[in-house]
>>> print(open('target24.tsv').read())   # TSV, N, CA and C atoms
chain	number	residue	atom	x	y	z
A	105	MET	N	0.85	-1.17	0.00
A	105	MET	CA	0.00	0.00	0.00
A	105	MET	C	0.89	1.24	0.00
A	106	ILE	N	0.56	2.21	-0.81
A	106	ILE	CA	1.32	3.45	-0.88
A	106	ILE	C	0.51	4.53	-0.19
A	107	ASP	N	1.11	5.17	0.80
A	107	ASP	CA	0.43	6.21	1.55
A	107	ASP	C	0.82	7.57	1.04
A	108	LYS	N	-0.13	8.50	1.09
A	108	LYS	CA	0.21	9.90	0.89
A	108	LYS	C	0.46	10.46	2.27
A	109	VAL	N	1.65	10.93	2.48
A	109	VAL	CA	2.05	11.41	3.79
A	109	VAL	C	2.40	12.88	3.68
A	110	GLU	N	1.86	13.67	4.58
A	110	GLU	CA	2.23	15.08	4.60
A	110	GLU	C	3.62	15.18	5.19
A	111	ALA	N	4.52	15.78	4.47
A	111	ALA	CA	5.91	15.87	4.89
A	111	ALA	C	6.07	16.89	6.01
A	112	ARG	N	6.86	16.55	6.99
A	112	ARG	CA	7.17	17.47	8.08
A	112	ARG	C	8.53	18.10	7.89
A	113	ASP	N	9.33	17.50	7.02
A	113	ASP	CA	10.68	17.97	6.76
A	113	ASP	C	10.61	19.07	5.71
A	114	SER	N	11.27	20.19	5.96
A	114	SER	CA	11.21	21.32	5.04
A	114	SER	C	11.87	21.01	3.70
A	115	SER	N	12.71	19.97	3.62
A	115	SER	CA	13.36	19.63	2.36
A	115	SER	C	12.43	18.84	1.44
A	116	LEU	N	11.25	18.46	1.93
A	116	LEU	CA	10.30	17.69	1.14
A	116	LEU	C	9.16	18.58	0.69
A	117	THR	N	8.51	18.19	-0.39
A	117	THR	CA	7.32	18.92	-0.82
A	117	THR	C	6.19	18.60	0.14
A	118	SER	N	5.07	19.29	-0.01
A	118	SER	CA	3.99	19.14	0.96
A	118	SER	C	3.41	17.74	1.00
A	119	GLU	N	3.35	17.04	-0.12
A	119	GLU	CA	2.85	15.66	-0.10
A	119	GLU	C	3.72	14.81	-1.02
A	120	LYS	N	4.02	13.61	-0.58
A	120	LYS	CA	4.77	12.65	-1.39
A	120	LYS	C	4.13	11.29	-1.20
A	121	LYS	N	4.24	10.47	-2.21
A	121	LYS	CA	3.78	9.09	-2.10
A	121	LYS	C	4.96	8.29	-1.57
A	122	LEU	N	4.83	7.81	-0.33
A	122	LEU	CA	5.93	7.11	0.32
A	122	LEU	C	5.62	5.63	0.48
A	123	MET	N	6.67	4.81	0.38
A	123	MET	CA	6.56	3.37	0.56
A	123	MET	C	7.45	2.94	1.72
A	124	THR	N	7.06	1.86	2.35
A	124	THR	CA	7.88	1.27	3.40
A	124	THR	C	8.94	0.39	2.75
A	125	PHE	N	9.86	-0.08	3.58
A	125	PHE	CA	10.94	-0.97	3.14
A	125	PHE	C	10.38	-2.19	2.43
A	126	HIS	N	9.38	-2.82	3.03
A	126	HIS	CA	8.80	-4.05	2.45
A	126	HIS	C	8.03	-3.76	1.16
A	127	GLU	N	7.33	-2.62	1.13
A	127	GLU	CA	6.58	-2.26	-0.07
A	127	GLU	C	7.51	-2.00	-1.26
A	128	VAL	N	8.64	-1.34	-1.00
A	128	VAL	CA	9.56	-1.04	-2.10
A	128	VAL	C	10.21	-2.33	-2.62
A	129	ALA	N	10.44	-3.30	-1.76
A	129	ALA	CA	10.99	-4.59	-2.21
A	129	ALA	C	10.00	-5.27	-3.15
A	130	ASP	N	8.73	-5.27	-2.77
A	130	ASP	CA	7.70	-5.85	-3.64
A	130	ASP	C	7.59	-5.06	-4.94
A	131	TYR	N	7.59	-3.75	-4.84
A	131	TYR	CA	7.45	-2.88	-6.00
A	131	TYR	C	8.59	-3.09	-7.00
A	132	CYS	N	9.81	-3.24	-6.50
A	132	CYS	CA	10.98	-3.44	-7.37
A	132	CYS	C	11.16	-4.90	-7.76
A	133	ASP	N	10.37	-5.78	-7.15
A	133	ASP	CA	10.43	-7.21	-7.41
A	133	ASP	C	11.83	-7.77	-7.13
A	134	VAL	N	12.36	-7.37	-5.97
A	134	VAL	CA	13.64	-7.88	-5.49
A	134	VAL	C	13.47	-8.26	-4.03
A	135	SER	N	14.47	-8.95	-3.51
A	135	SER	CA	14.40	-9.37	-2.11
A	135	SER	C	14.62	-8.18	-1.18
A	136	LYS	N	14.18	-8.33	0.06
A	136	LYS	CA	14.41	-7.30	1.08
A	136	LYS	C	15.91	-7.15	1.34
A	137	ARG	N	16.63	-8.23	1.18
A	137	ARG	CA	18.09	-8.19	1.36
A	137	ARG	C	18.74	-7.28	0.30
A	138	THR	N	18.24	-7.35	-0.93
A	138	THR	CA	18.77	-6.49	-1.99
A	138	THR	C	18.49	-5.02	-1.68
A	139	ILE	N	17.27	-4.72	-1.24
A	139	ILE	CA	16.94	-3.34	-0.87
A	139	ILE	C	17.85	-2.88	0.26
A	140	ALA	N	18.06	-3.73	1.26
A	140	ALA	CA	18.93	-3.38	2.39
A	140	ALA	C	20.35	-3.08	1.91
A	141	ARG	N	20.82	-3.87	0.96
A	141	ARG	CA	22.18	-3.64	0.43
A	141	ARG	C	22.24	-2.32	-0.32
A	142	TRP	N	21.23	-2.04	-1.15
A	142	TRP	CA	21.21	-0.78	-1.90
A	142	TRP	C	21.16	0.41	-0.96
A	143	VAL	N	20.38	0.30	0.11
A	143	VAL	CA	20.29	1.40	1.08
A	143	VAL	C	21.63	1.56	1.80
A	144	LYS	N	22.20	0.45	2.24
A	144	LYS	CA	23.48	0.49	2.95
A	144	LYS	C	24.57	1.10	2.08
A	145	ASP	N	24.57	0.76	0.79
A	145	ASP	CA	25.56	1.27	-0.16
A	145	ASP	C	25.23	2.69	-0.63
A	146	ARG	N	24.13	3.22	-0.13
A	146	ARG	CA	23.65	4.56	-0.52
A	146	ARG	C	23.41	4.67	-2.01
A	147	ALA	N	22.99	3.57	-2.60
A	147	ALA	CA	22.71	3.54	-4.03
A	147	ALA	C	21.27	3.96	-4.32
A	148	MET	N	20.34	3.58	-3.45
A	148	MET	CA	18.92	3.85	-3.66
A	148	MET	C	18.51	5.07	-2.85
A	149	PRO	N	17.68	5.95	-3.43
A	149	PRO	CA	17.25	7.14	-2.69
A	149	PRO	C	16.28	6.79	-1.57
A	150	VAL	N	16.54	7.31	-0.38
A	150	VAL	CA	15.69	7.07	0.78
A	150	VAL	C	15.36	8.39	1.45
A	151	ILE	N	14.31	8.35	2.26
A	151	ILE	CA	13.91	9.49	3.08
A	151	ILE	C	13.92	9.01	4.52
A	152	LYS	N	14.57	9.77	5.38
A	152	LYS	CA	14.54	9.48	6.81
A	152	LYS	C	13.59	10.49	7.44
A	153	PRO	N	12.36	10.05	7.75
A	153	PRO	CA	11.37	10.99	8.27
A	153	PRO	C	11.82	11.64	9.56
A	154	SER	N	11.60	12.95	9.66
A	154	SER	CA	11.92	13.62	10.92
A	154	SER	C	10.93	13.14	11.97
A	155	GLY	N	11.39	12.99	13.17
A	155	GLY	CA	10.53	12.53	14.25
A	155	GLY	C	10.30	11.03	14.24
A	156	ALA	N	11.07	10.29	13.45
A	156	ALA	CA	10.92	8.84	13.44
A	156	ALA	C	11.26	8.30	14.81
A	157	VAL	N	10.39	7.47	15.34
A	157	VAL	CA	10.56	6.94	16.69
A	157	VAL	C	11.75	6.01	16.77
A	158	ARG	N	11.87	5.12	15.79
A	158	ARG	CA	12.96	4.14	15.81
A	158	ARG	C	14.10	4.58	14.91
A	159	CYS	N	15.28	4.33	15.36
A	159	CYS	CA	16.47	4.61	14.56
A	159	CYS	C	16.47	3.65	13.37
A	160	GLY	N	16.84	4.12	12.22
A	160	GLY	CA	16.91	3.25	11.05
A	160	GLY	C	15.63	3.20	10.24
A	161	VAL	N	14.60	3.95	10.64
A	161	VAL	CA	13.35	3.97	9.89
A	161	VAL	C	13.56	4.81	8.63
A	162	VAL	N	13.24	4.23	7.48
A	162	VAL	CA	13.36	4.95	6.21
A	162	VAL	C	12.07	4.76	5.42
A	163	ARG	N	11.83	5.68	4.51
A	163	ARG	CA	10.73	5.58	3.56
A	163	ARG	C	11.29	5.85	2.18
A	164	PHE	N	10.54	5.45	1.18
A	164	PHE	CA	10.97	5.58	-0.20
A	164	PHE	C	9.92	6.36	-0.97
A	165	ASP	N	10.33	7.42	-1.63
A	165	ASP	CA	9.44	8.21	-2.48
A	165	ASP	C	9.30	7.47	-3.80
A	166	ILE	N	8.08	7.11	-4.16
A	166	ILE	CA	7.84	6.29	-5.35
A	166	ILE	C	8.38	6.97	-6.61
A	167	ASP	N	8.24	8.28	-6.71
A	167	ASP	CA	8.74	8.97	-7.90
A	167	ASP	C	10.26	8.90	-7.98
A	168	ALA	N	10.94	9.07	-6.85
A	168	ALA	CA	12.40	8.99	-6.82
A	168	ALA	C	12.87	7.56	-7.13
A	169	VAL	N	12.14	6.57	-6.61
A	169	VAL	CA	12.49	5.17	-6.87
A	169	VAL	C	12.33	4.86	-8.36
A	170	ASP	N	11.22	5.30	-8.96
A	170	ASP	CA	11.02	5.08	-10.40
A	170	ASP	C	12.15	5.70	-11.21
A	171	LYS	N	12.49	6.93	-10.89
A	171	LYS	CA	13.57	7.62	-11.61
A	171	LYS	C	14.89	6.88	-11.43
A	172	TRP	N	15.17	6.44	-10.19
A	172	TRP	CA	16.40	5.71	-9.90
A	172	TRP	C	16.44	4.39	-10.66
A	173	LEU	N	15.32	3.68	-10.71
A	173	LEU	CA	15.27	2.39	-11.40
A	173	LEU	C	15.57	2.56	-12.89
A	174	ARG	N	15.09	3.64	-13.49
A	174	ARG	CA	15.37	3.88	-14.91
A	174	ARG	C	16.85	4.14	-15.16
A	175	LYS	N	17.54	4.74	-14.17
A	175	LYS	CA	18.94	5.10	-14.33
A	175	LYS	C	19.88	4.16	-13.59
A	176	LYS	N	19.33	3.13	-12.94
A	176	LYS	CA	20.12	2.24	-12.08
A	176	LYS	C	21.30	1.65	-12.82
A	177	PRO	N	22.48	1.76	-12.23
A	177	PRO	CA	23.68	1.16	-12.85
A	177	PRO	C	23.55	-0.35	-12.94
A	178	ARG	N	24.01	-0.90	-14.03
A	178	ARG	CA	23.97	-2.36	-14.22
A	178	ARG	C	24.84	-3.08	-13.18
A	179	SER	N	25.79	-2.37	-12.59
A	179	SER	CA	26.70	-3.00	-11.62
A	179	SER	C	26.00	-3.38	-10.32
A	180	LEU	N	24.78	-2.86	-10.08
A	180	LEU	CA	24.05	-3.23	-8.87
A	180	LEU	C	23.32	-4.53	-9.14
A	181	ASN	N	23.80	-5.60	-8.55
A	181	ASN	CA	23.22	-6.92	-8.79
A	181	ASN	C	21.89	-7.05	-8.08
A	182	VAL	N	21.01	-7.80	-8.66
A	182	VAL	CA	19.71	-8.09	-8.07
A	182	VAL	C	19.71	-9.52	-7.58
A	183	SER	N	19.27	-9.71	-6.34
A	183	SER	CA	19.23	-11.08	-5.82
A	183	SER	C	17.82	-11.58	-5.75
>>> encode(input="target24.tsv", output="structure tokens")
Amino acid sequence: MIDKVEARDSSLTSEKKLMTFHEVADYCDVSKRTIARWVKDRAMPVIKPSGAVRCGVVRFDIDAVDKWLRKKPRSLNVS
């Protein structure tokens, strides 16, 4: 499910379509491990919501993910 979330961070526009870690793995049709590796390698664009209760909470802007997927380097292996 993709939520429309009102952004609290001034660097974001007023509304973005955000996905969770698990949703983006399904959307990209890759394993959660692959998403974790892309995030760790800072290859995939992520948003760290301000006021996130837990450390390590990230969200993915669907538009940024689509753009990144179109330009994704072939060197990033998919598992």
>>> atom_distance(input="target24.tsv", atom1="atom C of A:Arg137", atom2="atom CA of A:Ser154")
24.4 Å
>>> closest_residue(input="target24.tsv", among="A:Val162, A:Met148, A:Val143, A:Ala168", to="A:Met123", atoms="all atoms listed in the file")
A:Val162
>>> atom_distance(input="target24.tsv", atom1="atom N of A:Trp142", atom2="atom N of A:Arg163")
13.4 Å
>>> atom_distance(input="target24.tsv", atom1="atom CA of A:Val150", atom2="atom CA of A:Lys175")
15.6 Å
>>> select_by_dssp(input="target24.tsv", residues="stretch 131-169 of chain A", states="alpha helix (DSSP H)", output="JSON, numbers by chain")
{"A": [131, 132, 136, 137, 138, 139, 140, 141, 142, 143, 144, 166, 167, 168, 169]}
>>> residues_near_point(input="target24.tsv", point="(9.0, -2.9, 4.8)", cutoff="12 Å", atoms="only C-alpha atoms", output="PDB file with N, CA and C atoms, in the frame of the given file")
ATOM      1  N   MET A 105       0.850  -1.170   0.000  1.00  0.00           N
ATOM      2  CA  MET A 105       0.000   0.000   0.000  1.00  0.00           C
ATOM      3  C   MET A 105       0.890   1.240   0.000  1.00  0.00           C
ATOM      4  N   ILE A 106       0.560   2.210  -0.810  1.00  0.00           N
ATOM      5  CA  ILE A 106       1.320   3.450  -0.880  1.00  0.00           C
ATOM      6  C   ILE A 106       0.510   4.530  -0.190  1.00  0.00           C
ATOM      7  N   LEU A 122       4.830   7.810  -0.330  1.00  0.00           N
ATOM      8  CA  LEU A 122       5.930   7.110   0.320  1.00  0.00           C
ATOM      9  C   LEU A 122       5.620   5.630   0.480  1.00  0.00           C
ATOM     10  N   MET A 123       6.670   4.810   0.380  1.00  0.00           N
ATOM     11  CA  MET A 123       6.560   3.370   0.560  1.00  0.00           C
ATOM     12  C   MET A 123       7.450   2.940   1.720  1.00  0.00           C
ATOM     13  N   THR A 124       7.060   1.860   2.350  1.00  0.00           N
ATOM     14  CA  THR A 124       7.880   1.270   3.400  1.00  0.00           C
ATOM     15  C   THR A 124       8.940   0.390   2.750  1.00  0.00           C
ATOM     16  N   PHE A 125       9.860  -0.080   3.580  1.00  0.00           N
ATOM     17  CA  PHE A 125      10.940  -0.970   3.140  1.00  0.00           C
ATOM     18  C   PHE A 125      10.380  -2.190   2.430  1.00  0.00           C
ATOM     19  N   HIS A 126       9.380  -2.820   3.030  1.00  0.00           N
ATOM     20  CA  HIS A 126       8.800  -4.050   2.450  1.00  0.00           C
ATOM     21  C   HIS A 126       8.030  -3.760   1.160  1.00  0.00           C
ATOM     22  N   GLU A 127       7.330  -2.620   1.130  1.00  0.00           N
ATOM     23  CA  GLU A 127       6.580  -2.260  -0.070  1.00  0.00           C
ATOM     24  C   GLU A 127       7.510  -2.000  -1.260  1.00  0.00           C
ATOM     25  N   VAL A 128       8.640  -1.340  -1.000  1.00  0.00           N
ATOM     26  CA  VAL A 128       9.560  -1.040  -2.100  1.00  0.00           C
ATOM     27  C   VAL A 128      10.210  -2.330  -2.620  1.00  0.00           C
ATOM     28  N   ALA A 129      10.440  -3.300  -1.760  1.00  0.00           N
ATOM     29  CA  ALA A 129      10.990  -4.590  -2.210  1.00  0.00           C
ATOM     30  C   ALA A 129      10.000  -5.270  -3.150  1.00  0.00           C
ATOM     31  N   ASP A 130       8.730  -5.270  -2.770  1.00  0.00           N
ATOM     32  CA  ASP A 130       7.700  -5.850  -3.640  1.00  0.00           C
ATOM     33  C   ASP A 130       7.590  -5.060  -4.940  1.00  0.00           C
ATOM     34  N   TYR A 131       7.590  -3.750  -4.840  1.00  0.00           N
ATOM     35  CA  TYR A 131       7.450  -2.880  -6.000  1.00  0.00           C
ATOM     36  C   TYR A 131       8.590  -3.090  -7.000  1.00  0.00           C
ATOM     37  N   SER A 135      14.470  -8.950  -3.510  1.00  0.00           N
ATOM     38  CA  SER A 135      14.400  -9.370  -2.110  1.00  0.00           C
ATOM     39  C   SER A 135      14.620  -8.180  -1.180  1.00  0.00           C
ATOM     40  N   LYS A 136      14.180  -8.330   0.060  1.00  0.00           N
ATOM     41  CA  LYS A 136      14.410  -7.300   1.080  1.00  0.00           C
ATOM     42  C   LYS A 136      15.910  -7.150   1.340  1.00  0.00           C
ATOM     43  N   ARG A 137      16.630  -8.230   1.180  1.00  0.00           N
ATOM     44  CA  ARG A 137      18.090  -8.190   1.360  1.00  0.00           C
ATOM     45  C   ARG A 137      18.740  -7.280   0.300  1.00  0.00           C
ATOM     46  N   ILE A 139      17.270  -4.720  -1.240  1.00  0.00           N
ATOM     47  CA  ILE A 139      16.940  -3.340  -0.870  1.00  0.00           C
ATOM     48  C   ILE A 139      17.850  -2.880   0.260  1.00  0.00           C
ATOM     49  N   ALA A 140      18.060  -3.730   1.260  1.00  0.00           N
ATOM     50  CA  ALA A 140      18.930  -3.380   2.390  1.00  0.00           C
ATOM     51  C   ALA A 140      20.350  -3.080   1.910  1.00  0.00           C
ATOM     52  N   GLY A 160      16.840   4.120  12.220  1.00  0.00           N
ATOM     53  CA  GLY A 160      16.910   3.250  11.050  1.00  0.00           C
ATOM     54  C   GLY A 160      15.630   3.200  10.240  1.00  0.00           C
ATOM     55  N   VAL A 161      14.600   3.950  10.640  1.00  0.00           N
ATOM     56  CA  VAL A 161      13.350   3.970   9.890  1.00  0.00           C
ATOM     57  C   VAL A 161      13.560   4.810   8.630  1.00  0.00           C
ATOM     58  N   VAL A 162      13.240   4.230   7.480  1.00  0.00           N
ATOM     59  CA  VAL A 162      13.360   4.950   6.210  1.00  0.00           C
ATOM     60  C   VAL A 162      12.070   4.760   5.420  1.00  0.00           C
ATOM     61  N   ARG A 163      11.830   5.680   4.510  1.00  0.00           N
ATOM     62  CA  ARG A 163      10.730   5.580   3.560  1.00  0.00           C
ATOM     63  C   ARG A 163      11.290   5.850   2.180  1.00  0.00           C
ATOM     64  N   PHE A 164      10.540   5.450   1.180  1.00  0.00           N
ATOM     65  CA  PHE A 164      10.970   5.580  -0.200  1.00  0.00           C
ATOM     66  C   PHE A 164       9.920   6.360  -0.970  1.00  0.00           C
TER      67      PHE A 164
END
